[in-house]
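Structure below is query_31.tsv: TSV, C-alpha atoms and all ligand atoms.
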```tsv
chain	number	residue	atom	x	y	z
A	182	MET	CA	129.02	140.43	26.12
A	183	GLN	CA	127.01	142.92	28.09
A	184	SER	CA	123.80	141.25	27.14
A	185	ASN	CA	125.30	137.96	28.26
A	186	HIS	CA	126.30	139.56	31.54
A	187	ILE	CA	122.79	140.88	31.94
A	188	ASN	CA	121.50	137.44	31.07
A	189	ASN	CA	123.83	135.89	33.55
A	190	MET	CA	122.69	138.27	36.23
A	191	GLY	CA	119.11	137.27	35.46
A	192	GLY	CA	120.11	133.61	35.91
A	193	GLY	CA	121.65	134.39	39.35
A	194	GLN	CA	118.46	135.96	40.50
A	195	ASP	CA	116.55	132.86	39.42
A	196	LYS	CA	118.88	130.67	41.39
A	197	LEU	CA	118.39	132.85	44.44
A	198	LYS	CA	114.68	132.67	44.01
A	199	ASN	CA	114.80	128.91	43.64
A	200	ALA	CA	116.92	128.61	46.74
A	201	GLU	CA	114.52	130.77	48.70
A	202	SER	CA	111.56	128.80	47.53
A	203	ALA	CA	113.40	125.56	48.36
A	204	GLN	CA	114.14	126.95	51.79
A	205	ILE	CA	110.52	127.82	52.29
A	206	LYS	CA	109.57	124.37	51.09
A	207	ASN	CA	112.14	122.60	53.39
A	208	LYS	CA	111.23	124.59	56.47
A	209	PRO	CA	108.62	122.04	57.72
A	210	LEU	CA	111.09	119.24	57.00
A	211	LEU	CA	113.76	120.88	59.12
A	212	LYS	CA	111.26	121.52	61.81
A	213	THR	CA	110.26	117.87	61.76
A	214	PHE	CA	113.90	116.85	61.71
A	215	PHE	CA	114.71	118.93	64.80
A	216	LYS	CA	111.55	117.80	66.48
A	217	ASP	CA	112.52	114.19	65.80
A	218	LYS	CA	116.05	114.80	67.05
A	219	LYS	CA	114.67	116.38	70.18
A	220	ARG	CA	112.41	113.41	70.69
A	221	TRP	CA	115.29	111.12	70.04
A	222	ILE	CA	117.51	112.97	72.52
A	223	LEU	CA	114.71	112.99	75.04
A	224	SER	CA	114.15	109.30	74.45
A	225	LEU	CA	117.88	108.75	74.94
A	226	VAL	CA	117.75	110.56	78.26
A	227	LYS	CA	114.62	108.64	79.19
A	228	ASN	CA	116.19	105.37	78.03
A	229	SER	CA	119.34	106.07	79.95
A	230	LYS	CA	117.23	106.52	83.09
A	231	GLN	CA	115.40	103.30	82.24
A	232	HIS	CA	118.74	101.60	81.66
A	233	GLN	CA	119.98	102.83	84.97
A	234	LYS	CA	116.86	101.48	86.65
A	235	LEU	CA	117.19	98.20	84.80
A	236	LYS	CA	120.87	98.00	85.71
A	237	THR	CA	120.02	98.55	89.37
A	238	LYS	CA	117.29	95.90	89.12
A	239	LEU	CA	119.67	93.51	87.44
A	240	GLN	CA	122.25	94.10	90.14
A	241	GLU	CA	119.59	93.39	92.76
A	242	VAL	CA	118.59	90.20	90.92
A	243	GLU	CA	122.25	89.20	90.57
A	244	SER	CA	122.85	89.72	94.26
A	245	LEU	CA	119.63	87.78	95.07
A	246	TYR	CA	120.87	85.01	92.78
A	247	GLN	CA	124.26	84.93	94.50
A	248	ASP	CA	122.53	84.86	97.92
A	249	SER	CA	120.26	82.02	96.75
A	250	LYS	CA	123.27	80.14	95.35
A	251	GLU	CA	125.01	80.45	98.70
A	252	LYS	CA	121.83	79.37	100.53
A	253	ILE	CA	121.46	76.37	98.18
A	254	ARG	CA	125.12	75.47	98.82
A	255	GLN	CA	124.57	75.66	102.56
A	256	LEU	CA	121.35	73.61	102.25
A	257	GLU	CA	123.22	71.00	100.21
A	258	ILE	CA	125.89	70.77	102.93
A	259	GLN	CA	123.16	70.47	105.57
A	260	ASN	CA	121.34	67.89	103.46
A	261	LYS	CA	124.52	65.85	103.06
A	262	ASP	CA	125.09	66.08	106.78
A	263	PHE	CA	121.48	65.00	107.51
A	264	LYS	CA	121.83	62.13	105.03
A	265	ASN	CA	125.09	60.97	106.67
A	266	ARG	CA	123.54	61.21	110.11
A	267	PHE	CA	120.44	59.40	108.88
A	268	HIS	CA	122.54	56.59	107.36
A	269	ALA	CA	124.65	56.34	110.52
A	270	LEU	CA	121.48	56.11	112.60
A	271	GLU	CA	119.93	53.62	110.19
A	272	SER	CA	123.09	51.51	110.37
A	273	LYS	CA	123.06	51.61	114.20
A	274	ILE	CA	119.40	50.56	114.30
A	275	HIS	CA	120.14	47.78	111.83
A	276	LYS	CA	122.99	46.47	114.00
A	277	LEU	CA	120.80	46.51	117.10
A	278	THR	CA	117.87	44.75	115.39
A	279	PRO	CA	117.79	40.95	115.30
A	280	GLN	CA	117.72	39.88	111.65
A	281	ALA	CA	115.31	37.35	110.12
A	282	TYR	CA	118.21	34.98	109.46
A	283	LEU	CA	121.98	35.12	109.21
A	284	ASN	CA	123.19	36.86	106.12
A	285	ALA	CA	126.65	35.29	106.16
A	286	ILE	CA	129.08	33.36	108.35
A	287	GLU	CA	132.88	33.26	108.11
A	288	ILE	CA	134.80	30.08	108.83
A	289	HIS	CA	138.57	29.71	109.07
A	290	LEU	CA	139.87	26.70	107.11
A	291	ALA	CA	143.37	27.63	108.32
A	292	GLU	CA	144.42	29.83	111.22
A	293	HIS	CA	147.79	30.77	109.75
A	294	CYS	CA	148.66	32.48	106.49
A	295	ASN	CA	151.26	32.45	103.72
A	296	LEU	CA	151.13	36.24	103.56
A	297	ASN	CA	152.30	38.45	106.33
A	298	CYS	CA	150.05	41.51	106.23
A	299	PHE	CA	150.47	44.54	108.46
A	300	SER	CA	147.84	44.65	111.26
A	301	CYS	CA	145.88	41.64	109.89
A	302	ASN	CA	142.48	41.77	111.56
A	303	HIS	CA	142.34	37.97	111.85
A	304	PHE	CA	145.78	38.06	113.55
A	305	SER	CA	146.77	35.34	111.07
A	306	GLN	CA	150.33	36.60	110.60
A	307	LEU	CA	150.75	35.88	114.33
A	308	ALA	CA	148.90	32.55	114.39
A	309	PRO	CA	150.62	29.17	114.51
A	310	LYS	CA	149.69	26.50	111.97
A	311	GLY	CA	146.17	25.27	112.66
A	312	PHE	CA	143.15	23.71	110.90
A	313	PRO	CA	139.62	22.96	112.11
A	314	ASP	CA	138.95	19.35	113.05
A	315	ILE	CA	136.89	17.77	110.27
A	316	LEU	CA	134.78	15.53	112.54
A	317	GLN	CA	133.99	18.39	114.88
A	318	PHE	CA	133.18	20.52	111.83
A	319	LYS	CA	130.72	17.95	110.50
A	320	GLN	CA	128.95	17.76	113.84
A	321	ASP	CA	128.83	21.56	114.12
A	322	MET	CA	127.41	21.96	110.61
A	323	GLU	CA	124.70	19.42	111.33
A	324	ARG	CA	123.71	21.19	114.56
A	325	LEU	CA	123.84	24.60	112.88
A	326	SER	CA	121.68	23.36	110.02
A	327	ASN	CA	119.06	21.98	112.44
A	328	LEU	CA	119.05	25.17	114.49
A	329	THR	CA	118.76	27.50	111.49
A	330	TYR	CA	116.56	25.32	109.22
A	331	GLY	CA	119.42	25.61	106.72
A	332	LEU	CA	118.68	29.33	106.48
A	333	ILE	CA	122.07	31.00	106.32
A	334	GLY	CA	122.68	33.23	103.31
A	335	GLU	CA	126.35	32.56	102.73
A	336	PHE	CA	129.37	30.70	104.11
A	337	LYS	CA	132.71	32.39	103.54
A	338	PHE	CA	135.68	30.05	103.83
A	339	THR	CA	138.54	32.19	104.93
A	340	GLY	CA	141.54	32.25	107.27
A	341	GLY	CA	144.44	32.78	107.43
A	342	GLU	CA	144.80	31.43	103.97
A	343	PRO	CA	142.16	28.68	103.53
A	344	LEU	CA	144.08	27.00	100.71
A	345	LEU	CA	146.82	26.04	103.19
A	346	ASN	CA	144.29	23.44	104.32
A	347	PRO	CA	144.91	20.36	102.16
A	348	ASN	CA	141.33	19.14	102.73
A	349	CYS	CA	139.32	22.14	101.54
A	350	LYS	CA	137.17	19.93	99.34
A	351	ASP	CA	135.97	17.92	102.39
A	352	PHE	CA	134.85	21.10	104.15
A	353	PHE	CA	133.06	22.21	100.99
A	354	LYS	CA	131.26	18.87	100.70
A	355	ILE	CA	130.07	18.84	104.33
A	356	THR	CA	128.86	22.44	104.19
A	357	ARG	CA	126.98	21.84	100.93
A	358	LYS	CA	125.37	18.73	102.37
A	359	PHE	CA	123.87	20.60	105.34
A	360	PHE	CA	123.25	23.89	103.54
A	361	PRO	CA	122.09	23.00	100.03
A	362	HIS	CA	120.75	26.49	99.28
A	363	SER	CA	123.44	28.72	100.76
A	364	LYS	CA	126.06	30.52	98.78
A	365	LEU	CA	129.55	29.11	99.42
A	366	THR	CA	132.52	31.40	98.86
A	367	LEU	CA	136.25	30.84	99.09
A	368	ILE	CA	138.12	33.98	100.18
A	369	THR	CA	141.77	33.67	99.20
A	370	ASN	CA	144.92	35.64	98.46
A	371	GLY	CA	145.30	33.40	95.41
A	372	ILE	CA	148.93	32.33	95.97
A	373	LEU	CA	148.06	28.63	96.08
A	374	LEU	CA	145.25	28.61	93.53
A	375	GLU	CA	147.31	27.77	90.47
A	376	SER	CA	148.85	24.70	92.11
A	377	GLN	CA	145.53	23.18	93.27
A	378	PRO	CA	144.95	19.59	92.10
A	379	LYS	CA	142.15	18.55	89.75
A	380	ASP	CA	139.92	17.21	92.54
A	381	PHE	CA	139.94	20.66	94.19
A	382	TRP	CA	138.53	22.23	91.03
A	383	GLU	CA	136.02	19.42	90.62
A	384	SER	CA	134.88	19.89	94.21
A	385	CYS	CA	134.44	23.66	93.60
A	386	LYS	CA	132.33	22.87	90.59
A	387	GLU	CA	130.28	20.16	92.32
A	388	ASN	CA	129.60	22.21	95.46
A	389	LYS	CA	129.06	25.48	93.61
A	390	ILE	CA	131.91	27.37	95.27
A	391	GLU	CA	132.54	30.90	94.15
A	392	ILE	CA	136.22	31.93	94.34
A	393	ARG	CA	136.77	35.47	95.61
A	394	PRO	CA	140.43	36.48	95.63
A	395	THR	CA	141.97	39.74	96.74
A	396	LYS	CA	144.76	40.99	94.50
A	397	TYR	CA	147.75	41.78	96.67
A	398	PRO	CA	150.87	43.36	95.17
A	399	ILE	CA	152.52	39.97	94.78
A	400	LYS	CA	153.25	37.71	91.83
A	401	VAL	CA	150.27	35.48	91.02
A	402	ASN	CA	149.44	34.11	87.56
A	403	TRP	CA	145.89	35.41	87.42
A	404	GLU	CA	145.50	34.62	83.74
A	405	ALA	CA	146.14	30.91	84.35
A	406	ILE	CA	143.70	30.96	87.28
A	407	GLU	CA	141.02	32.69	85.23
A	408	GLN	CA	141.50	30.07	82.53
A	409	LYS	CA	141.22	27.23	85.05
A	410	CYS	CA	137.97	28.66	86.47
A	411	GLN	CA	136.62	29.04	82.96
A	412	ASP	CA	137.56	25.45	82.08
A	413	PHE	CA	135.76	24.08	85.14
A	414	GLY	CA	132.84	26.53	84.96
A	415	ILE	CA	133.62	28.07	88.36
A	416	SER	CA	132.64	31.61	89.27
A	417	LEU	CA	135.66	33.87	89.96
A	418	ARG	CA	135.06	37.35	91.37
A	419	PHE	CA	137.80	39.65	92.63
A	420	PHE	CA	137.36	41.86	95.68
A	421	ASN	CA	139.33	44.54	93.90
A	422	ASN	CA	139.48	44.97	90.14
A	423	ALA	CA	142.54	44.30	88.00
A	424	SER	CA	144.15	47.73	88.38
A	425	VAL	CA	143.69	48.14	92.15
A	426	GLU	CA	146.26	46.79	94.56
A	427	LYS	CA	145.45	46.09	98.18
A	428	THR	CA	146.05	48.78	100.75
A	429	SER	CA	146.87	48.22	104.40
A	430	TYR	CA	144.35	48.78	107.15
A	431	LYS	CA	145.16	49.49	110.77
A	432	THR	CA	142.96	47.74	113.34
A	433	ILE	CA	143.47	49.55	116.63
A	434	LEU	CA	142.84	48.08	120.05
A	435	ARG	CA	143.00	49.62	123.49
A	436	PRO	CA	144.35	46.94	125.85
A	437	GLN	CA	143.09	48.94	128.87
A	438	GLY	CA	139.55	48.01	127.72
A	439	ASN	CA	137.95	51.28	128.76
A	440	LEU	CA	136.05	52.15	125.58
A	441	ASN	CA	132.30	52.68	125.28
A	442	ILE	CA	130.93	49.26	124.35
A	443	LEU	CA	127.74	50.44	122.67
A	444	ASP	CA	129.62	53.07	120.71
A	445	SER	CA	132.20	50.54	119.46
A	446	PHE	CA	129.56	47.99	118.53
A	447	THR	CA	127.23	50.36	116.69
A	448	LYS	CA	130.10	51.87	114.69
A	449	CYS	CA	131.72	48.53	113.91
A	450	HIS	CA	131.62	47.55	110.23
A	451	GLN	CA	132.28	43.91	111.15
A	452	VAL	CA	128.88	43.62	112.85
A	453	GLY	CA	126.52	41.89	110.43
A	454	ASN	CA	129.30	41.41	107.87
A	455	CYS	CA	131.92	39.27	109.59
A	456	THR	CA	129.92	36.94	111.83
A	457	HIS	CA	132.45	34.26	112.75
A	458	PHE	CA	131.97	30.57	113.46
A	459	LYS	CA	134.69	28.66	115.27
A	460	ASN	CA	134.54	25.40	117.27
A	461	GLY	CA	130.75	25.46	117.67
A	462	LYS	CA	130.72	29.12	118.78
A	463	ILE	CA	129.35	32.15	116.98
A	464	TYR	CA	130.92	35.61	117.40
A	465	PRO	CA	129.74	38.91	115.90
A	466	CYS	CA	133.16	39.61	114.35
A	467	ASN	CA	136.57	38.12	113.61
A	468	ILE	CA	138.49	40.10	116.24
A	469	ALA	CA	137.18	38.42	119.39
A	470	PRO	CA	137.51	34.77	118.20
A	471	ASN	CA	141.12	35.28	117.12
A	472	ILE	CA	142.42	37.58	119.86
A	473	GLN	CA	144.26	34.63	121.43
A	474	TYR	CA	146.98	35.07	118.75
A	475	PHE	CA	147.43	38.73	119.68
A	476	ASN	CA	147.56	37.85	123.37
A	477	ALA	CA	150.14	35.12	122.82
A	478	ALA	CA	152.35	37.15	120.46
A	479	PHE	CA	152.50	40.28	122.63
A	480	ASN	CA	152.10	38.83	126.10
A	481	GLN	CA	148.71	40.51	126.58
A	482	ASN	CA	145.55	39.40	128.28
A	483	LEU	CA	142.50	40.73	126.46
A	484	PRO	CA	140.04	38.15	127.80
A	485	ILE	CA	137.25	36.31	126.03
A	486	THR	CA	134.43	35.30	128.36
A	487	PRO	CA	131.53	32.88	127.74
A	488	ILE	CA	129.31	35.92	127.10
A	489	ASP	CA	131.44	37.06	124.16
A	490	PHE	CA	130.02	34.29	121.96
A	491	ILE	CA	127.02	32.01	121.69
A	492	ASN	CA	127.52	28.27	121.83
A	493	ILE	CA	125.36	26.48	119.24
A	494	TYR	CA	124.93	23.50	121.58
A	495	LYS	CA	123.56	25.77	124.33
A	496	ALA	CA	121.38	28.04	122.18
A	497	LYS	CA	117.80	26.80	122.33
A	498	ASP	CA	116.81	28.14	118.89
A	499	TYR	CA	117.77	30.34	115.95
A	500	HIS	CA	116.02	33.30	117.52
A	501	GLU	CA	118.39	33.22	120.49
A	502	ILE	CA	121.41	33.33	118.15
A	503	LEU	CA	119.96	36.24	116.18
A	504	GLN	CA	119.16	38.09	119.43
A	505	PHE	CA	122.70	37.51	120.67
A	506	LEU	CA	124.21	38.95	117.49
A	507	ALA	CA	122.16	42.16	117.79
A	508	LYS	CA	123.88	43.41	120.92
A	509	PRO	CA	127.42	44.37	121.94
A	510	ILE	CA	129.72	41.83	123.53
A	511	PRO	CA	131.98	42.70	126.49
A	512	PHE	CA	135.01	42.49	124.19
A	513	CYS	CA	133.81	45.61	122.30
A	514	ARG	CA	135.41	47.68	125.08
A	515	PHE	CA	138.84	46.88	123.57
A	516	CYS	CA	138.06	48.02	119.99
A	517	ASN	CA	139.09	51.59	119.28
A	518	LEU	CA	136.80	51.92	116.25
A	519	ALA	CA	137.26	55.68	115.89
A	520	LYS	CA	140.94	55.04	115.06
A	521	TRP	CA	140.56	52.14	112.61
A	522	ARG	CA	141.74	53.37	109.25
A	523	SER	CA	143.32	52.65	105.91
A	524	ILE	CA	147.01	53.58	105.91
A	525	GLY	CA	147.65	53.53	102.19
A	526	GLU	CA	149.95	51.18	100.36
A	527	TRP	CA	149.94	47.50	101.36
A	528	LYS	CA	152.84	46.56	103.61
A	529	THR	CA	154.07	43.56	105.50
A	530	SER	CA	153.91	43.02	109.23
A	531	LYS	CA	156.92	43.35	111.50
A	532	LYS	CA	154.86	41.49	114.10
A	533	GLU	CA	155.02	44.44	116.47
A	534	ILE	CA	152.27	45.35	118.93
A	535	GLY	CA	152.40	48.92	117.58
A	536	GLU	CA	150.53	47.68	114.49
A	537	TYR	CA	147.47	47.41	116.74
A	538	LEU	CA	147.97	50.42	118.98
A	539	GLU	CA	147.13	54.10	118.48
A	601	LIG	S1	145.09	39.94	105.74
A	601	LIG	FE1	144.54	38.02	104.78
A	601	LIG	S2	146.28	37.54	103.49
A	601	LIG	FE2	146.97	39.07	104.93
A	601	LIG	S3	147.84	37.93	106.65
A	601	LIG	FE3	145.72	38.32	107.14
A	601	LIG	S4	144.62	36.53	106.43
A	601	LIG	FE4	146.62	36.52	105.44
A	602	LIG	S1	134.52	43.14	119.58
A	602	LIG	FE1	132.77	44.46	119.10
A	602	LIG	S2	133.63	46.35	118.28
A	602	LIG	FE2	135.24	44.81	118.26
A	602	LIG	S3	135.17	43.97	116.24
A	602	LIG	FE3	133.92	42.67	117.53
A	602	LIG	S4	131.85	43.49	117.36
A	602	LIG	FE4	133.25	45.02	116.56
```
Turn the structure described in the file into structure tokens.
Ligand code: SF4
Ligand code: SF4
Amino acid sequence: MQSNHINNMGGGQDKLKNAESAQIKNKPLLKTFFKDKKRWILSLVKNSKQHQKLKTKLQEVESLYQDSKEKIRQLEIQNKDFKNRFHALESKIHKLTPQAYLNAIEIHLAEHCNLNCFSCNHFSQLAPKGFPDILQFKQDMERLSNLTYGLIGEFKFTGGEPLLNPNCKDFFKITRKFFPHSKLTLITNGILLESQPKDFWESCKENKIEIRPTKYPIKVNWEAIEQKCQDFGISLRFFNNASVEKTSYKTILRPQGNLNILDSFTKCHQVGNCTHFKNGKIYPCNIAPNIQYFNAAFNQNLPITPIDFINIYKAKDYHEILQFLAKPIPFCRFCNLAKWRSIGEWKTSKKEIGEYLE
């Protein structure tokens, strides 16, 4: 037992020795470890400073980015504004520049209408029954063709409702005879299309008439009409697509006639788009030639003078007509263009003067 104890004691000393020698051996390792840790801690401190710097930089970049975004937004607004002003200016210049030839002319085949729209800008809901005289029309078309060398882009047969005229096909035939290359378009509310006789459809086909209806919120069998056009090979193109119903538009006049003529004319969307031909006279719009219906219905006197239109029998050439159409007419002083606007859902007229006043 004792010897074992002594032996055991000897073993303890060995262990101690081994531990000491291990400690001596591990000393450089520990040193390296602490050195590394120190480096690591120092690097952390250094990194944290770097991070701080980077964070500050990033914040600066972020704020620069936000500033630039705001500047870009402002530039976009300015750009949009410049573009709008440029287009408005371009449109004014266009209206005041005589064109090479007439783009389109509107002709009433009926003064009155079978719809009764609020503030109709042809005043057709106020107009009595009336059709152009066919003989006069033939003579006018011949003169117009000679004056313009047949160079008129398009004839739009309109009204009122043109299909109230039982002789549409005769007007189509005459126009096609004198203007073989022009586009001929029938503008209609469609109510009477389905009931048109066969010779109407044949005349549309023969004279290459395109039918352009507006879909009002009324009952019209458009499917049957589409089928008819297909059967006769006639082009049918809606002003508004199948899902859109017509809205009402308020055309506002100022009976005192004290508006800026040039301003009205250059802002007027009818100029260049709604050139009107009636009884041998050409007007730049459809307000002036039809104002008689407004005057009669509301006991007003917005006058039309001989310098509000150009008479095709007095004009010496096409150039004179084109020059005339590129300048305001005295009647422009009655058109309160700034107030013309869409008023939402389509509604019927109560035939009140208020429909045309501010
Ligand atoms: S807007 Fe057209 S459909 Fe309506 S009343 Fe005037 S001409 Fe007739
Ligand atoms: S009178 Fe002048 S402003 Fe009025 S619709 Fe005609 S062109 Fe336009």
Give me the residues near Phe338 (chain A) as a PyMOL selection string, where near means some atom within 12 Å (using only C-alpha atoms) and where sequence neighbours in that chain fewer than 3 positions away do not count. chain A and resi 285-292+313+335+341-346+349-350+352-353+356+364-369+390-394+455+457-459
Around ligand LIG 602 (chain A), at most 9 Å away and counting all atoms listed in the file, which residues are there? Put them as an MDAnalysis selection string, please. chainID A and resid 302 434 442:453 455:456 464:470 489 506 508:518
Once you count only C-alpha atoms and all ligand atoms, which residues end up within 6 Å of ligand LIG 601 (chain A), and could you hand them over as JSON, numbers by chain? {"A": [294, 296, 297, 298, 301, 303, 305, 306, 340, 341, 342, 370]}
Need to verify the contact set: region 399-405 of chain A, 10 Å, all atoms listed in the file, exclusion of same-chain residues closer than 5 positions in sequence. Can you return it as a PDB file with C-alpha atoms, in the frame of the given file?
```pdb
ATOM      1  CA  LEU A 296     151.130  36.240 103.560  1.00  0.00           C
ATOM      2  CA  ASN A 370     144.920  35.640  98.460  1.00  0.00           C
ATOM      3  CA  GLY A 371     145.300  33.400  95.410  1.00  0.00           C
ATOM      4  CA  ILE A 372     148.930  32.330  95.970  1.00  0.00           C
ATOM      5  CA  LEU A 373     148.060  28.630  96.080  1.00  0.00           C
ATOM      6  CA  LEU A 374     145.250  28.610  93.530  1.00  0.00           C
ATOM      7  CA  GLU A 375     147.310  27.770  90.470  1.00  0.00           C
ATOM      8  CA  PRO A 394     140.430  36.480  95.630  1.00  0.00           C
ATOM      9  CA  CYS A 410     137.970  28.660  86.470  1.00  0.00           C
ATOM     10  CA  GLN A 411     136.620  29.040  82.960  1.00  0.00           C
ATOM     11  CA  ALA A 423     142.540  44.300  88.000  1.00  0.00           C
ATOM     12  CA  GLU A 426     146.260  46.790  94.560  1.00  0.00           C
ATOM     13  CA  LYS A 427     145.450  46.090  98.180  1.00  0.00           C
TER      14      LYS A 427
END
```
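Among the candidates A:Ala281, A:Leu483, A:Ala478, A:Leu417, the one nearest to Leu307 (chain A) when counting all atoms listed in the file is A:Ala478.
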Between CA of Ile355 (chain A) and CA of Lys319 (chain A), what distance in Å does the model show, to one decimal?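 If I compute the distance from CA of Ile355 (chain A) to CA of Lys319 (chain A), I get 6.3 Å.
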From A:Phe318, A:Tyr499, A:Tyr494, A:Tyr282, residue lying nearest Gly334 (chain A) [only C-alpha atoms]: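 Checking each of A:Phe318, A:Tyr499, A:Tyr494, A:Tyr282 against Gly334 (chain A), counting only C-alpha atoms, the winner is A:Tyr282.
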Could you work out an axis-aligned bounding box for all listed atoms of region 300-318 of chain A, with 3 Å added on each of the six sides, and give its centre and edge lengths in Å to one decimal, as AutoDock Vina command-line options?
```
--center_x 142.0 --center_y 30.1 --center_z 112.4 --size_x 23.6 --size_y 35.1 --size_z 11.0
```
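The space separating CA of Ile222 (chain A) from CA of Lys238 (chain A) comes to 23.8 Å.
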